[in-house]
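Since the structure comes first, as structure tokens, the remarks are kept for the end.
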Amino acid sequence: MPFAAVASAGFAHARRWGLLAALLGFAAGWTAWALSRGDPAALVGDDLDLGQRLTAVRAGLGGLVVLFGSYFLAARRLGRPLADFAVLWNRHLLLLAGAPACVLLAVPGLAERRGFVPLVTSLGLGLLAAASAAGWRDLLAQRRPRPRLVAAVLLALGLGVAALLIHLGVVRHHALVSNIHDLGIFENVLWRSLHGDLLATSLFPDDTFNNQHFAPLLLALVPFYALAPRAETLIVVQVLWLCSAAIPLYLFSRRRSGSLALAFAVTLAFLVSPLLHASALWDFHDLTLAVPLVLWALWAHDGDRRLGLVLAVAALLLVREEMGLVVAAFGLFAALDARPRRGLVLLALGLAWFVLVARVFAPGTGVGAHADGLRGNLAEATGYRDLALALLANPLRLPLELLRPEKFGYLLCLGAPLLLLPACAGRLLVLLLPGAAIFVLSGNQYVADPYFHYSAFFLPAVFAAAAVGAANLQQRLGRPLALELAAGIVVAALAFGWSFGLPGGSFRAGFHPVPTALTEAERERHAWLTELARTLPPDACVAATGDVGAHLAARRCFAWFPARLDVDYLVLHREDINAKHMPLLRKLRAEQRFRTVDEQHKILVLQRNPDK
């Protein structure tokens with residue numbers, strides 16, 4: 001077809017395709033220019049001079065010309081009307097309209113300073129990707145499903161993510177970013193359990209972990225710890241265990257959604273989620289043990305695998321005292337999910353176990369042990385009854401708390417990478433009730449921080465709910481959308497992971513950013529600290545500051561400075577001693593209760609003066 005004929009026919013119907021094509025081309029050209037500059041922060045701050053602005057406009061117009069030219073040449077070669085060809089490819093390339101948003105994602109630390117911007121950007125890119133995938137539906141639908149290939153890709157991704165997280169976790173620990181709270185606590189518990197004192201720790205009153213939490217499932221980790229009795233073992237076990245949750249999530253998502261693409265997308269979103277990574281790297285916590293177990297219970301329930309359900313629920317109850325409420329919520333879900341007998345049994349079992357733990361096994365746990373964290377502004381609360389009354393007596397408390405900027409932002413962090421599909425999951429959302437109650441009532445600001453371990457209450461239910469929500473949405477709309485939703489989830493999850501994860505510069509695990517490599521000085525310090533832990537008398541009682549404490553916890557008598565001073569040795573990192581500690585330290589020296597036996601790498605080792 002002659003070029004003039006193609007052009008004239010295309011321009012005659014330019015209303016159908018011209019404006020959108022111009023937008024797509026300009027967006028692509030401008031984005032290429034913006035990313036090539038290497039300074040996206042200047043664009044966010046609109047810090048451009050006249051020459052730079054002219055260059056930006058030229059780049060956008062250049063992209064427009066390239067796209068228009070490509071349309072003309074391709075339509076002429078294929079012998080198709082330009083307007084029809086352009087309309088079709090506008091739909092195929094719709095995601096290009098969101099290309100400028102990539103500049104926002106490239107701004108270092110933007111998620112830390114203006115978190116709602118990358119959140120909305122991730123969600124918007126996901127929706128554009130879903131709309132763009134609709135243009136490819138006919139082509140994608142013709143491809144034969146390849147479940148083995150999908151499983152292999154997810155397996156490779158999971159192993160890669162696990163290897164990276166293990167590396168970062170060990171580097172973080174060796175760089176003294178880990179802490180006595182909580183890596184030191186759990187290593188002390190496992191070391192004492194390995195040596196016959198089950199669930200004992202000298203860091204808690206009454207020399208028992210049950211003073212704070214009831215977590216007998218920790219004993220299942222003792223054989224692994226026995227193979228390599230070091231804090232690094234806990235880091236490796238936690239990473240592998242959390243990443244293994246991708247297996248039941250994939251199996252459940254594929255069964256419930258009936259779509260291989262959706263199962264792949266949801267599982268990929270889980271593996272690249274910064275919330276998962278932060279939970280895996282923020283020291284070690286018993287709560288993280290629940291994540292795969294909830295998903296295995298869902299998988300077993302959905303496939304009517306009774307033995308698997310019994311094993312998963314039994315293990316879940318042993319994770320921590322709150323898991324009785326989680327099992328009760330699971331029972332409520334099962335009852336609503338057409339299995340009333342099973343649901344009532346699980347509901348009764350969960351509530352009975354929760355009461356048994358709170359009254360008999362570990363009555364000091366929960367609200368009694370963590371008053372400030374769980375009661376929040378309910379200073380008058382003395383137990384779970386008071387908390388329940390607070391929720392039921394004032395229904396406005398729930399929406400008002402959830403609409404607080406930090407808590408609403410946290411909810412968006414859970415839903416945006418999944419296109420908000422969990423909101424369509426219906427009855428499955430009852431699994432979120434125990435975590436939501438803690439989330440609403442807690443005065444602890446870190447409960448609403450996505451970089452802490454409290455996301456373990458939400459991760460399994462939210463990601464499983466994405467697959468269910470997608471299936472429900474398709475049923476309500478009466479048409480298949482699995483491929484579109486899968487594409488949207490993949491793009492939104494990758495965008496969210498880039499901005500809030502390690503590449504975006506905002507990622508941290510707990511309070512501090514995660515280092516990616518050790519300096520030579522840090523390697524020397526870690527080697528010296530390891531030798532110190534080996535040479536300290538095994539029967540000596542040692543108290544340490546937080547960041548070095550996680551390296552010295554493998555002993556019977558271990559404490560946190562300054563909570564306990566009746567010890568044989570003090571190991572104090574000068575950078576971890578704050579102004580509140582200085583008067584006490586000066587007093588100890590003035591009274592000559594301790595004498596300095598070594599100091600290297602700003603770590604002070606004091607031994608009790610036998611004369612004092």
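FYI, nothing fancy with the structure tokens labels: chains A, B, ... in order, residues from 1 per chain, ligands from 1 as they appear.
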Selection: 9 Å around range 562-565 of chain A, only C-alpha atoms, excl. self and same-chain fewer than 2 positions, as a ChimeraX atom specification:
/A:543-545,559-560,567-570,581,584
Those residues with N, CA, C and O atoms, as a CSV table (one decimal), in the first residue's frame please?
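So part10.csv came out as:
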chain,number,residue,atom,x,y,z
A,543,ALA,N,26.6,-9.7,80.8
A,543,ALA,CA,25.6,-8.7,80.4
A,543,ALA,C,26.3,-7.8,79.3
A,543,ALA,O,27.4,-7.5,79.3
A,544,ALA,N,25.4,-7.5,78.3
A,544,ALA,CA,26.0,-6.8,77.1
A,544,ALA,C,25.0,-5.8,76.7
A,544,ALA,O,23.8,-5.9,77.0
A,545,THR,N,25.5,-4.8,75.9
A,545,THR,CA,24.6,-3.9,75.3
A,545,THR,C,23.9,-4.6,74.1
A,545,THR,O,24.3,-5.7,73.7
A,559,ALA,N,22.5,-11.5,80.1
A,559,ALA,CA,21.6,-10.4,80.5
A,559,ALA,C,21.9,-9.2,79.6
A,559,ALA,O,22.9,-9.2,78.9
A,560,TRP,N,21.0,-8.3,79.7
A,560,TRP,CA,21.1,-7.1,78.9
A,560,TRP,C,21.5,-5.9,79.9
A,560,TRP,O,21.0,-5.8,81.0
A,567,VAL,N,26.7,-9.5,87.5
A,567,VAL,CA,27.3,-10.4,86.5
A,567,VAL,C,28.8,-10.4,86.7
A,567,VAL,O,29.4,-9.6,87.4
A,568,ASP,N,29.4,-11.4,86.0
A,568,ASP,CA,30.9,-11.5,86.0
A,568,ASP,C,31.5,-10.6,85.0
A,568,ASP,O,32.7,-10.1,85.2
A,569,TYR,N,30.9,-10.4,83.8
A,569,TYR,CA,31.5,-9.6,82.8
A,569,TYR,C,30.4,-8.6,82.2
A,569,TYR,O,29.2,-8.9,82.1
A,570,LEU,N,30.9,-7.4,81.8
A,570,LEU,CA,30.1,-6.5,81.0
A,570,LEU,C,30.8,-6.3,79.7
A,570,LEU,O,32.0,-6.1,79.6
A,581,HIS,N,22.8,5.9,80.2
A,581,HIS,CA,23.7,4.9,80.7
A,581,HIS,C,25.0,5.5,81.3
A,581,HIS,O,25.6,4.8,82.2
A,584,LEU,N,25.4,5.7,85.2
A,584,LEU,CA,25.6,4.4,85.8
A,584,LEU,C,27.0,3.8,85.6
A,584,LEU,O,27.6,3.3,86.5
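The residue set within 9 Å of Val65 in chain A, counting only C-alpha atoms and dropping same-chain residues fewer than 6 places from it, reads Ala22, Gly25 and Phe26 of chain A.
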Just to be explicit: take each residue in the selection above, keep N, CA, C and O atoms, and write the result as a short mmCIF file (atom, residue, chain, number, x, y, z; two decimals), in the first residue's frame.
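Everything below was put into selection21.cif:
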data_model
loop_
_atom_site.label_atom_id
_atom_site.label_comp_id
_atom_site.auth_asym_id
_atom_site.auth_seq_id
_atom_site.Cartn_x
_atom_site.Cartn_y
_atom_site.Cartn_z
N ALA A 22 -0.16 9.69 20.80
CA ALA A 22 0.72 10.81 21.13
C ALA A 22 1.14 10.75 22.60
O ALA A 22 2.30 10.99 22.95
N GLY A 25 3.66 7.79 23.03
CA GLY A 25 4.97 8.10 22.47
C GLY A 25 5.71 9.15 23.28
O GLY A 25 6.91 9.01 23.56
N PHE A 26 5.01 10.21 23.66
CA PHE A 26 5.65 11.27 24.46
C PHE A 26 6.12 10.72 25.79
O PHE A 26 7.23 11.02 26.25
#
Distance of CA of Leu411 in chain A from CA of Ala448 in chain A, expressed in Å to one decimal place
8.7 Å
CA of Glu321 in chain A to CA of Pro205 in chain A, straight-line distance in Å:
18.1 Å
With only C-alpha atoms as the counted atoms, please give the residues lying no more than 7 Å from Leu316 in chain A, apart from itself and same-chain residues fewer than 6 positions off, as number ranges by chain.
A: 290, 293, 323
For those residues, write C-alpha atoms to a file as a compact mmCIF listing (two decimals), in the first residue's frame.
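Wrote again-v5.txt, looks like this:
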# COMPACT_ATOMS: atom_id res chain seq x y z
CA ALA A 290 3.04 -19.00 61.76
CA LEU A 293 1.46 -22.91 58.76
CA MET A 323 -2.50 -18.43 67.61
Pick the closest to Pro405 in chain A from A:Arg114, A:Asp598, A:Thr288, A:Ala261: which is it, counting only C-alpha atoms?
A:Arg114
Can you list, as a PyMOL selection string, every protein, DNA or RNA residue that comes within 6 Å of Ser122 in chain A when you count only C-alpha atoms, leaving out same-chain residues fewer than 5 positions away?
chain A and resi 492+495-496
Spatial neighbours of range 497-512 of chain A, 9 Å, only C-alpha atoms, chain gap at least 5 places, as a JSON list (two decimals) with N, CA and C atoms, in the first residue's frame:
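What ended up in part_10.json:
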[["chain", "number", "residue", "atom", "x", "y", "z"],
["A", 104, "LEU", "N", 9.60, 8.14, 39.31],
["A", 104, "LEU", "CA", 9.29, 8.24, 40.74],
["A", 104, "LEU", "C", 9.89, 7.06, 41.50],
["A", 105, "LEU", "N", 9.74, 5.87, 40.93],
["A", 105, "LEU", "CA", 10.26, 4.68, 41.61],
["A", 105, "LEU", "C", 11.78, 4.70, 41.70],
["A", 106, "ALA", "N", 12.43, 5.46, 40.82],
["A", 106, "ALA", "CA", 13.90, 5.51, 40.81],
["A", 106, "ALA", "C", 14.46, 6.54, 41.79],
["A", 107, "VAL", "N", 13.60, 7.33, 42.41],
["A", 107, "VAL", "CA", 14.08, 8.35, 43.37],
["A", 107, "VAL", "C", 14.52, 7.65, 44.64],
["A", 108, "PRO", "N", 15.77, 7.77, 45.04],
["A", 108, "PRO", "CA", 16.25, 7.08, 46.25],
["A", 108, "PRO", "C", 15.53, 7.57, 47.50],
["A", 109, "GLY", "N", 15.05, 6.64, 48.29],
["A", 109, "GLY", "CA", 14.46, 6.96, 49.57],
["A", 109, "GLY", "C", 13.09, 7.61, 49.52],
["A", 110, "LEU", "N", 12.45, 7.62, 48.36],
["A", 110, "LEU", "CA", 11.14, 8.28, 48.26],
["A", 110, "LEU", "C", 10.09, 7.59, 49.13],
["A", 111, "ALA", "N", 10.15, 6.27, 49.22],
["A", 111, "ALA", "CA", 9.18, 5.54, 50.02],
["A", 111, "ALA", "C", 9.27, 5.91, 51.49],
["A", 112, "GLU", "N", 10.45, 6.26, 51.96],
["A", 112, "GLU", "CA", 10.62, 6.63, 53.37],
["A", 112, "GLU", "C", 10.08, 8.02, 53.64],
["A", 113, "ARG", "N", 10.22, 8.92, 52.67],
["A", 113, "ARG", "CA", 9.81, 10.31, 52.87],
["A", 113, "ARG", "C", 8.36, 10.57, 52.48],
["A", 115, "GLY", "N", 5.67, 8.06, 51.38],
["A", 115, "GLY", "CA", 5.29, 6.69, 51.09],
["A", 115, "GLY", "C", 4.05, 6.54, 50.23],
["A", 118, "PRO", "N", 4.82, 6.42, 46.05],
["A", 118, "PRO", "CA", 5.12, 5.14, 45.38],
["A", 118, "PRO", "C", 4.02, 4.10, 45.56],
["A", 119, "LEU", "N", 3.23, 4.19, 46.64],
["A", 119, "LEU", "CA", 2.10, 3.27, 46.79],
["A", 119, "LEU", "C", 1.08, 3.46, 45.68],
["A", 122, "SER", "N", 2.57, 2.39, 42.31],
["A", 122, "SER", "CA", 2.58, 0.94, 42.11],
["A", 122, "SER", "C", 1.20, 0.44, 41.73],
["A", 177, "VAL", "N", 24.13, -4.97, 63.40],
["A", 177, "VAL", "CA", 22.82, -4.36, 63.24],
["A", 177, "VAL", "C", 21.75, -5.19, 63.95],
["A", 269, "ALA", "N", 4.47, -12.18, 43.76],
["A", 269, "ALA", "CA", 4.29, -10.99, 44.59],
["A", 269, "ALA", "C", 4.72, -11.26, 46.03],
["A", 272, "VAL", "N", 8.69, -11.40, 46.25],
["A", 272, "VAL", "CA", 9.40, -10.13, 46.06],
["A", 272, "VAL", "C", 8.91, -9.05, 47.03],
["A", 273, "SER", "N", 8.03, -9.40, 47.95],
["A", 273, "SER", "CA", 7.46, -8.41, 48.85],
["A", 273, "SER", "C", 8.48, -7.94, 49.89],
["A", 274, "PRO", "N", 8.71, -6.63, 50.01],
["A", 274, "PRO", "CA", 9.59, -6.12, 51.07],
["A", 274, "PRO", "C", 9.09, -6.45, 52.48],
["A", 275, "LEU", "N", 7.77, -6.66, 52.63],
["A", 275, "LEU", "CA", 7.25, -7.03, 53.95],
["A", 275, "LEU", "C", 7.76, -8.42, 54.35],
["A", 277, "HIS", "N", 10.55, -9.76, 53.19],
["A", 277, "HIS", "CA", 12.00, -9.61, 53.38],
["A", 277, "HIS", "C", 12.32, -9.00, 54.73],
["A", 278, "ALA", "N", 11.55, -8.00, 55.13],
["A", 278, "ALA", "CA", 11.79, -7.37, 56.43],
["A", 278, "ALA", "C", 11.51, -8.35, 57.57],
["A", 279, "SER", "N", 10.46, -9.15, 57.44],
["A", 279, "SER", "CA", 10.16, -10.15, 58.47],
["A", 279, "SER", "C", 11.29, -11.18, 58.57],
["A", 280, "ALA", "N", 11.86, -11.52, 57.42],
["A", 280, "ALA", "CA", 12.93, -12.52, 57.42],
["A", 280, "ALA", "C", 14.23, -11.97, 57.99],
["A", 281, "LEU", "N", 14.45, -10.66, 57.88],
["A", 281, "LEU", "CA", 15.74, -10.08, 58.26],
["A", 281, "LEU", "C", 15.71, -9.36, 59.61],
["A", 282, "TRP", "N", 14.53, -9.06, 60.12],
["A", 282, "TRP", "CA", 14.48, -8.36, 61.41],
["A", 282, "TRP", "C", 14.72, -9.37, 62.53],
["A", 283, "ASP", "N", 16.01, -9.65, 62.75],
["A", 283, "ASP", "CA", 16.45, -10.59, 63.77],
["A", 283, "ASP", "C", 15.75, -11.94, 63.61],
["A", 417, "PRO", "N", 0.15, -3.85, 46.18],
["A", 417, "PRO", "CA", 0.85, -4.76, 45.26],
["A", 417, "PRO", "C", -0.04, -5.87, 44.71],
["A", 446, "TYR", "N", 5.29, 0.49, 66.03],
["A", 446, "TYR", "CA", 5.95, -0.44, 65.12],
["A", 446, "TYR", "C", 5.01, -1.53, 64.62],
["A", 449, "ASP", "N", 4.23, -0.58, 61.21],
["A", 449, "ASP", "CA", 5.41, -0.33, 60.39],
["A", 449, "ASP", "C", 5.66, -1.57, 59.54],
["A", 450, "PRO", "N", 5.63, -1.44, 58.20],
["A", 450, "PRO", "CA", 5.77, -2.64, 57.36],
["A", 450, "PRO", "C", 7.13, -3.30, 57.44],
["A", 451, "TYR", "N", 8.10, -2.65, 58.06],
["A", 451, "TYR", "CA", 9.45, -3.21, 58.12],
["A", 451, "TYR", "C", 9.71, -3.98, 59.42],
["A", 452, "PHE", "N", 8.65, -4.30, 60.16],
["A", 452, "PHE", "CA", 8.79, -5.11, 61.36],
["A", 452, "PHE", "C", 8.04, -6.43, 61.20],
["A", 453, "HIS", "N", 8.23, -7.31, 62.17],
["A", 453, "HIS", "CA", 7.74, -8.68, 62.06],
["A", 453, "HIS", "C", 6.24, -8.81, 62.28],
["A", 492, "ALA", "N", 2.52, -4.44, 39.57],
["A", 492, "ALA", "CA", 2.35, -3.69, 40.82],
["A", 492, "ALA", "C", 3.30, -4.20, 41.89]]
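Rounded to one decimal, CA of Ser202 in chain A and CA of Asp539 in chain A lie 13.1 Å from each other.
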